[in-house]
Amino acid sequence: MTALPPNHFLALPRPDVELGPPAGVVDTTTLAAHDFDVDTRTGFMPPQPPLARLPDQWAPWEDAFAAAQSHRFQLGRKSNITDAEKAQSEAWRAHVRQLPTLPTTGLLRSELLLRRAHHVLSWTMHFYVHSLPPDAPIRIPAPITVPLLQVSHHLQLPPVVTYSDDVLYNWALLRPQPPTEPAPALDNLRTLSSFTGTRDEAEFYLTSARIELRGVAALEVMRATLDELFVGDAIARARITRYMHALAGVIDELAALLVRVREGCEPETFYRDIRPWFNGVDSDAGARGKWVFEGLDENPEISAPTELSGPSAGQSSIVHALDIFLGVDHYSHASALTGHGPAAAAPSSAPKVSFLDRMQVYMPRHHRNFLRHLSTRPRSLRSLIEEQHVDDPELIVSYNAAVAALKRFRDAHMRIVALYIIGPARRLAASEAQASSSAQEDGGKAPLKGTGGTDLVRFLKDVRDNTVDALVDVGVNAS
Ligand code: HEM
């Protein structure tokens, strides 16, 4: 076999993730990332602030959406809603019903236009549905459904608000970004859209956005580890050992960012005023019945939606990527343990799908492909760990450190869920039971539903507890 010339890129020294490529050497290792819309500076977030308004051709959508936000509509089911508030939201819904059904072909020229269109139309739909009186049938008018279904088809996304709509593509810079900074600073972000206009809601989205941005350090470690796995020699294992400890540190930072949500988002406000706007068909709003998408009969080329869960940070690719990369997903998200059937129109006989797989349908398609690529790589970190569990205890210890950090992240997440959902839900149920003569028979003990439709307490505990099953015995040589 002929030797590679010394300047061939495969013959160049492997870049070290902490040191970067040697001077004068182009780092070619990240080129493939662009196919997956994963940026080396901002990860799953786009490197530039998302489009804040569609061109004038689609002004009727933007104006209706802006009006909904500026009116600060109340949830239709709110107990103390006034007649004036009801009349105002009904006037807005009447206006939405009369909108022209605008063509979407002009949006196809740009992914950025399509993303903004999905954002505007899906948020408008949630405003429409959740401002309705609680006993009204949910019929979403054709001027929203037809373009939303068309745009969703092109983006391969469900026609509801997703995590990409409320986090990934819902931000702007507070101040101009200095050219020396490769990515927005974590404190230099604000949100674009809001259901309630509250700081609490903005902080809820920004917490996830900060985790995404800090998650870039984890993606960097993953990339470098995958390069080393390709080689797999003793130097590679020593480097992977170092990377795993670094990864554990990054995951702990993500957990610290998660719990800082308490600094700006008040739990009762979140539970009572913000979260109900997120509901899709199979979260607790499902009790109100089916969502009817009008306009399908006149447009037979459009199919009725099957996936209509609301947005959940469970749709964040960064946590899924960590799970898959570490090989933890087979434990934490096994479908037998955490799965449940798909939403809306799926028959009850449909096979169980793991939450992780189902939530991938709600991710931008390039990110979904990234996760698929990560999970189908021929050489996985987990296979190296299983091979080496006797011979390289330091490697195993470092791997276990990363898995333990993911478990700590999930412990922190569970505490946040207890604070933001479980506690407020119990208190609300207790006060409603006290106020009502027909006190709730279940005393507020019915299983709580996640926006992704899960029986959330059981599901999240299972995911967290099963994460530790991925820990590996260090083997007989371990001291
Ligand atoms: C106040 C903040 C938060 C609350 C109340 C919350 C609530 C929930 C709930 C109820 C679920 C169950 C799944 C569902 O049906 O939706 C869930 C799942 C999940 N959430 Fe959160 N979440 C919060 C913040 C975050 C953040 C910031 C992240 C990371 C960016 C995150 C990542 C996840 C993941 C990955 C899952 C899937 C379960 C797992 O893999 O551990 N969450 N969350």
# chains A, B, ... in the order shown; residues from 1 in each chain; ligands from 1
>>> residues_near_ligand(ligand="ligand 1", cutoff="8 Å", atoms="only C-alpha atoms and all ligand atoms", output="MDAnalysis selection string")
chainID A and resid 204:205 207:209 211:212 257:258 261:262 265 267 270 283 310:320 323 332:333 355:356 410 413 416:421 449:457 459:460 463:464
>>> residues_around(residues="stretch 366-382 of chain A", least_positions_apart="6", cutoff="8 Å", atoms="only C-alpha atoms", output="list of chain:residue names")
A:Asp35, A:Phe36, A:Asp37, A:Val38, A:Phe44, A:Thr225, A:Leu226, A:Leu229, A:Phe230, A:Ser317, A:His320, A:Ala321, A:Ile324, A:Phe325, A:Leu326, A:Gly327, A:Gln360
>>> write_last_selection(atoms="all heavy atoms", output="compact mmCIF listing (two decimals), in the first residue's frame")
# COMPACT_ATOMS: atom_id res chain seq x y z
N ASP A 35 -24.03 19.39 7.30
CA ASP A 35 -25.15 18.63 6.73
C ASP A 35 -26.27 18.48 7.74
O ASP A 35 -27.40 18.23 7.40
CB ASP A 35 -24.70 17.21 6.36
CG ASP A 35 -23.66 17.23 5.27
OD1 ASP A 35 -23.57 18.28 4.60
OD2 ASP A 35 -22.95 16.23 5.11
N PHE A 36 -25.93 18.57 9.00
CA PHE A 36 -26.91 18.32 10.06
C PHE A 36 -27.41 19.62 10.69
O PHE A 36 -28.11 19.57 11.69
CB PHE A 36 -26.29 17.43 11.14
CG PHE A 36 -25.89 16.07 10.64
CD1 PHE A 36 -24.57 15.66 10.65
CD2 PHE A 36 -26.85 15.20 10.15
CE1 PHE A 36 -24.22 14.41 10.18
CE2 PHE A 36 -26.50 13.94 9.68
CZ PHE A 36 -25.18 13.55 9.70
N ASP A 37 -27.03 20.76 10.12
CA ASP A 37 -27.44 22.05 10.67
C ASP A 37 -27.03 22.16 12.15
O ASP A 37 -27.80 22.63 12.99
CB ASP A 37 -28.94 22.25 10.48
CG ASP A 37 -29.35 23.72 10.62
OD1 ASP A 37 -28.48 24.57 10.44
OD2 ASP A 37 -30.52 23.98 10.94
N VAL A 38 -25.85 21.67 12.44
CA VAL A 38 -25.29 21.80 13.80
C VAL A 38 -24.09 22.72 13.65
O VAL A 38 -23.16 22.41 12.92
CB VAL A 38 -24.84 20.44 14.36
CG1 VAL A 38 -24.33 20.59 15.79
CG2 VAL A 38 -25.99 19.44 14.32
N PHE A 44 -27.15 23.34 18.20
CA PHE A 44 -28.46 23.18 17.55
C PHE A 44 -29.18 24.52 17.38
O PHE A 44 -30.22 24.59 16.73
CB PHE A 44 -29.32 22.20 18.35
CG PHE A 44 -28.73 20.81 18.41
CD1 PHE A 44 -28.15 20.32 19.57
CD2 PHE A 44 -28.72 20.01 17.28
CE1 PHE A 44 -27.59 19.05 19.62
CE2 PHE A 44 -28.15 18.73 17.31
CZ PHE A 44 -27.59 18.25 18.48
N THR A 225 -14.18 12.69 20.52
CA THR A 225 -14.18 11.28 20.96
C THR A 225 -14.44 10.36 19.76
O THR A 225 -13.79 9.32 19.62
CB THR A 225 -15.28 11.05 22.03
OG1 THR A 225 -15.08 12.00 23.06
CG2 THR A 225 -15.23 9.65 22.59
N LEU A 226 -15.37 10.77 18.91
CA LEU A 226 -15.67 9.92 17.75
C LEU A 226 -14.44 9.79 16.85
O LEU A 226 -14.16 8.72 16.31
CB LEU A 226 -16.86 10.49 16.97
CG LEU A 226 -18.21 10.45 17.73
CD1 LEU A 226 -19.31 11.09 16.90
CD2 LEU A 226 -18.60 9.03 18.12
N LEU A 229 -12.26 7.27 18.54
CA LEU A 229 -12.81 5.91 18.43
C LEU A 229 -12.43 5.27 17.11
O LEU A 229 -12.22 4.07 17.02
CB LEU A 229 -14.34 5.97 18.52
CG LEU A 229 -14.96 6.07 19.90
CD1 LEU A 229 -16.46 6.26 19.76
CD2 LEU A 229 -14.66 4.83 20.72
N PHE A 230 -12.36 6.11 16.10
CA PHE A 230 -12.00 5.65 14.76
C PHE A 230 -10.60 5.02 14.80
O PHE A 230 -10.33 4.04 14.14
CB PHE A 230 -12.05 6.86 13.82
CG PHE A 230 -11.65 6.59 12.42
CD1 PHE A 230 -12.44 5.80 11.60
CD2 PHE A 230 -10.47 7.13 11.90
CE1 PHE A 230 -12.07 5.55 10.29
CE2 PHE A 230 -10.11 6.88 10.59
CZ PHE A 230 -10.90 6.10 9.79
N SER A 317 -32.44 18.43 21.26
CA SER A 317 -31.53 17.43 20.71
C SER A 317 -30.30 17.25 21.57
O SER A 317 -29.66 16.20 21.52
CB SER A 317 -31.09 17.84 19.30
OG SER A 317 -32.19 17.98 18.48
N HIS A 320 -30.79 14.41 24.13
CA HIS A 320 -30.88 13.14 23.39
C HIS A 320 -29.49 12.75 22.87
O HIS A 320 -29.11 11.58 22.91
CB HIS A 320 -31.81 13.28 22.19
CG HIS A 320 -33.26 13.36 22.55
ND1 HIS A 320 -34.22 12.61 21.93
CD2 HIS A 320 -33.90 14.10 23.46
CE1 HIS A 320 -35.42 12.88 22.45
NE2 HIS A 320 -35.23 13.80 23.38
N ALA A 321 -28.75 13.74 22.37
CA ALA A 321 -27.42 13.44 21.80
C ALA A 321 -26.51 12.86 22.89
O ALA A 321 -25.78 11.91 22.65
CB ALA A 321 -26.81 14.71 21.20
N ILE A 324 -27.55 9.25 23.56
CA ILE A 324 -27.19 8.33 22.47
C ILE A 324 -25.69 8.14 22.42
O ILE A 324 -25.17 7.03 22.31
CB ILE A 324 -27.74 8.86 21.12
CG1 ILE A 324 -29.27 8.85 21.14
CG2 ILE A 324 -27.20 8.04 19.95
CD1 ILE A 324 -29.91 9.53 19.96
N PHE A 325 -24.97 9.24 22.53
CA PHE A 325 -23.51 9.18 22.45
C PHE A 325 -22.94 8.28 23.55
O PHE A 325 -22.06 7.45 23.32
CB PHE A 325 -22.95 10.60 22.56
CG PHE A 325 -21.48 10.65 22.80
CD1 PHE A 325 -20.58 10.37 21.78
CD2 PHE A 325 -20.97 10.98 24.05
CE1 PHE A 325 -19.22 10.39 22.00
CE2 PHE A 325 -19.61 11.02 24.28
CZ PHE A 325 -18.73 10.72 23.26
N LEU A 326 -23.49 8.42 24.76
CA LEU A 326 -22.98 7.60 25.88
C LEU A 326 -23.56 6.17 25.84
O LEU A 326 -23.15 5.33 26.63
CB LEU A 326 -23.34 8.26 27.22
CG LEU A 326 -22.56 9.55 27.55
CD1 LEU A 326 -23.18 10.26 28.75
CD2 LEU A 326 -21.08 9.26 27.82
N GLY A 327 -24.51 5.92 24.96
CA GLY A 327 -25.13 4.59 24.90
C GLY A 327 -26.07 4.37 26.06
O GLY A 327 -26.40 3.23 26.39
N GLN A 360 -38.32 12.85 18.57
CA GLN A 360 -37.46 13.22 17.43
C GLN A 360 -38.28 13.70 16.24
O GLN A 360 -37.80 14.47 15.42
CB GLN A 360 -36.57 12.03 17.05
CG GLN A 360 -35.46 11.84 18.08
CD GLN A 360 -34.50 10.73 17.76
OE1 GLN A 360 -34.41 10.28 16.63
NE2 GLN A 360 -33.77 10.29 18.76
>>> select_by_dssp(residues="stretch 57-269 of chain A", states="strand (DSSP E or B)", output="PyMOL selection string")
chain A and resi 138-140+171-173+189-191
>>> residues_around(residues="A:Pro158", least_positions_apart="4", cutoff="10 Å", atoms="only C-alpha atoms", output="list in words")
His118, Ser122, Leu148, Leu149, Val151, Ser152, His153, Thr162, Pro305, Thr306, Glu307, Leu308, Ser309, Gly310, Val361, Tyr362 and Met363 of chain A
>>> write_last_selection(atoms="N, CA and C atoms", output="JSON list (two decimals), in the first residue's frame")
[["chain", "number", "residue", "atom", "x", "y", "z"],
["A", 118, "HIS", "N", -43.68, 28.64, 10.19],
["A", 118, "HIS", "CA", -44.14, 27.61, 11.14],
["A", 118, "HIS", "C", -44.32, 28.23, 12.52],
["A", 122, "SER", "N", -48.07, 28.36, 13.96],
["A", 122, "SER", "CA", -48.34, 27.43, 15.06],
["A", 122, "SER", "C", -48.64, 28.20, 16.35],
["A", 148, "LEU", "N", -50.36, 26.15, 7.46],
["A", 148, "LEU", "CA", -49.55, 25.50, 8.51],
["A", 148, "LEU", "C", -49.23, 24.06, 8.11],
["A", 149, "LEU", "N", -50.23, 23.36, 7.60],
["A", 149, "LEU", "CA", -49.98, 21.97, 7.19],
["A", 149, "LEU", "C", -49.02, 21.91, 6.00],
["A", 151, "VAL", "N", -46.62, 24.17, 5.24],
["A", 151, "VAL", "CA", -45.28, 24.53, 5.72],
["A", 151, "VAL", "C", -44.70, 23.36, 6.54],
["A", 152, "SER", "N", -45.55, 22.76, 7.37],
["A", 152, "SER", "CA", -45.09, 21.65, 8.22],
["A", 152, "SER", "C", -44.64, 20.47, 7.35],
["A", 153, "HIS", "N", -45.37, 20.26, 6.26],
["A", 153, "HIS", "CA", -45.00, 19.18, 5.35],
["A", 153, "HIS", "C", -43.58, 19.40, 4.81],
["A", 162, "THR", "N", -43.47, 23.63, 18.52],
["A", 162, "THR", "CA", -42.45, 22.67, 18.96],
["A", 162, "THR", "C", -41.36, 23.42, 19.72],
["A", 305, "PRO", "N", -53.22, 15.84, 10.41],
["A", 305, "PRO", "CA", -52.06, 15.61, 11.27],
["A", 305, "PRO", "C", -52.25, 14.41, 12.20],
["A", 306, "THR", "N", -51.17, 13.74, 12.52],
["A", 306, "THR", "CA", -51.25, 12.61, 13.46],
["A", 306, "THR", "C", -50.51, 12.93, 14.76],
["A", 307, "GLU", "N", -49.52, 13.82, 14.72],
["A", 307, "GLU", "CA", -48.73, 14.13, 15.91],
["A", 307, "GLU", "C", -49.05, 15.54, 16.37],
["A", 308, "LEU", "N", -49.66, 15.66, 17.54],
["A", 308, "LEU", "CA", -50.06, 17.00, 18.02],
["A", 308, "LEU", "C", -49.77, 17.18, 19.50],
["A", 309, "SER", "N", -48.59, 16.76, 19.94],
["A", 309, "SER", "CA", -48.18, 17.07, 21.32],
["A", 309, "SER", "C", -47.71, 18.53, 21.35],
["A", 310, "GLY", "N", -47.71, 19.10, 22.54],
["A", 310, "GLY", "CA", -47.20, 20.47, 22.62],
["A", 310, "GLY", "C", -45.69, 20.49, 22.73],
["A", 361, "VAL", "N", -39.54, 13.25, 16.17],
["A", 361, "VAL", "CA", -40.42, 13.71, 15.09],
["A", 361, "VAL", "C", -40.66, 15.22, 15.22],
["A", 362, "TYR", "N", -40.52, 15.76, 16.42],
["A", 362, "TYR", "CA", -40.78, 17.18, 16.68],
["A", 362, "TYR", "C", -39.52, 18.03, 16.52],
["A", 363, "MET", "N", -38.42, 17.39, 16.16],
["A", 363, "MET", "CA", -37.17, 18.15, 16.01],
["A", 363, "MET", "C", -36.97, 18.56, 14.56]]
>>> select_by_dssp(residues="stretch 142-192 of chain A", states="alpha helix (DSSP H)", output="list in words")
Ala142, Pro143, Ile144, Thr145, Val146, Pro147, Leu148, Leu149, Gln150, Val151, Ser152, His153, His154, Leu155 and Tyr163 of chain A
>>> write_last_selection(atoms="N, CA, C and O atoms", output="compact mmCIF listing (two decimals), in the first residue's frame")
# COMPACT_ATOMS: atom_id res chain seq x y z
N ALA A 142 -59.43 27.39 8.35
CA ALA A 142 -58.57 27.07 7.20
C ALA A 142 -57.46 28.10 6.94
O ALA A 142 -56.37 27.69 6.53
N PRO A 143 -57.67 29.40 7.14
CA PRO A 143 -56.55 30.33 6.87
C PRO A 143 -55.31 30.03 7.70
O PRO A 143 -54.20 30.43 7.35
N ILE A 144 -55.49 29.30 8.81
CA ILE A 144 -54.32 28.88 9.60
C ILE A 144 -53.91 27.46 9.23
O ILE A 144 -52.74 27.18 8.98
N THR A 145 -54.91 26.56 9.21
CA THR A 145 -54.54 25.14 9.06
C THR A 145 -53.89 24.83 7.70
O THR A 145 -52.91 24.09 7.65
N VAL A 146 -54.46 25.40 6.63
CA VAL A 146 -53.96 25.01 5.30
C VAL A 146 -52.48 25.41 5.14
O VAL A 146 -51.62 24.56 4.86
N PRO A 147 -52.13 26.70 5.35
CA PRO A 147 -50.69 27.01 5.21
C PRO A 147 -49.83 26.33 6.26
O PRO A 147 -48.70 25.92 5.96
N LEU A 148 -50.36 26.15 7.46
CA LEU A 148 -49.55 25.50 8.51
C LEU A 148 -49.23 24.06 8.11
O LEU A 148 -48.10 23.58 8.27
N LEU A 149 -50.23 23.36 7.60
CA LEU A 149 -49.98 21.97 7.19
C LEU A 149 -49.02 21.91 6.00
O LEU A 149 -48.17 21.03 5.91
N GLN A 150 -49.14 22.91 5.09
CA GLN A 150 -48.23 22.92 3.93
C GLN A 150 -46.79 23.17 4.38
O GLN A 150 -45.86 22.47 3.99
N VAL A 151 -46.62 24.17 5.24
CA VAL A 151 -45.28 24.53 5.72
C VAL A 151 -44.70 23.36 6.54
O VAL A 151 -43.53 23.00 6.40
N SER A 152 -45.55 22.76 7.37
CA SER A 152 -45.09 21.65 8.22
C SER A 152 -44.64 20.47 7.35
O SER A 152 -43.66 19.79 7.67
N HIS A 153 -45.37 20.26 6.26
CA HIS A 153 -45.00 19.18 5.35
C HIS A 153 -43.58 19.40 4.81
O HIS A 153 -42.76 18.50 4.79
N HIS A 154 -43.29 20.64 4.42
CA HIS A 154 -41.96 20.92 3.86
C HIS A 154 -40.87 20.81 4.92
O HIS A 154 -39.76 20.36 4.65
N LEU A 155 -41.20 21.22 6.13
CA LEU A 155 -40.19 21.15 7.20
C LEU A 155 -40.14 19.77 7.85
O LEU A 155 -39.27 19.51 8.68
N TYR A 163 -40.45 22.65 20.28
CA TYR A 163 -39.30 23.24 20.99
C TYR A 163 -38.50 24.17 20.05
O TYR A 163 -37.97 25.18 20.48
>>> closest_residue(among="A:Leu174, A:Leu108, A:Val96, A:Ala67", to="A:Tyr128", atoms="only C-alpha atoms")
A:Val96
>>> residues_around(residues="A:Leu384", least_positions_apart="6", cutoff="10 Å", atoms="only C-alpha atoms", output="JSON, numbers by chain")
{"A": [229, 232, 237, 395, 396]}
>>> write_last_selection(atoms="C-alpha atoms", output="short mmCIF file (atom, residue, chain, number, x, y, z; two decimals), in the first residue's frame")
data_model
loop_
_atom_site.label_atom_id
_atom_site.label_comp_id
_atom_site.auth_asym_id
_atom_site.auth_seq_id
_atom_site.Cartn_x
_atom_site.Cartn_y
_atom_site.Cartn_z
CA LEU A 229 -12.81 5.91 18.43
CA GLY A 232 -8.99 3.22 19.01
CA ARG A 237 -8.19 5.70 24.89
CA LEU A 395 -11.38 4.72 30.91
CA ILE A 396 -14.33 3.02 32.57
#
>>> residues_around(residues="stretch 83-95 of chain A", least_positions_apart="3", cutoff="12 Å", atoms="only C-alpha atoms", output="PyMOL selection string")
chain A and resi 60-61+63-80+98-100+124-134+136+138-141+143-144
>>> residues_around(residues="stretch 238-247 of chain A", least_positions_apart="6", cutoff="12 Å", atoms="only C-alpha atoms", output="PyMOL selection string")
chain A and resi 14-19+214-232+253-254+322+325-326+381-382+384-385+388+392-406
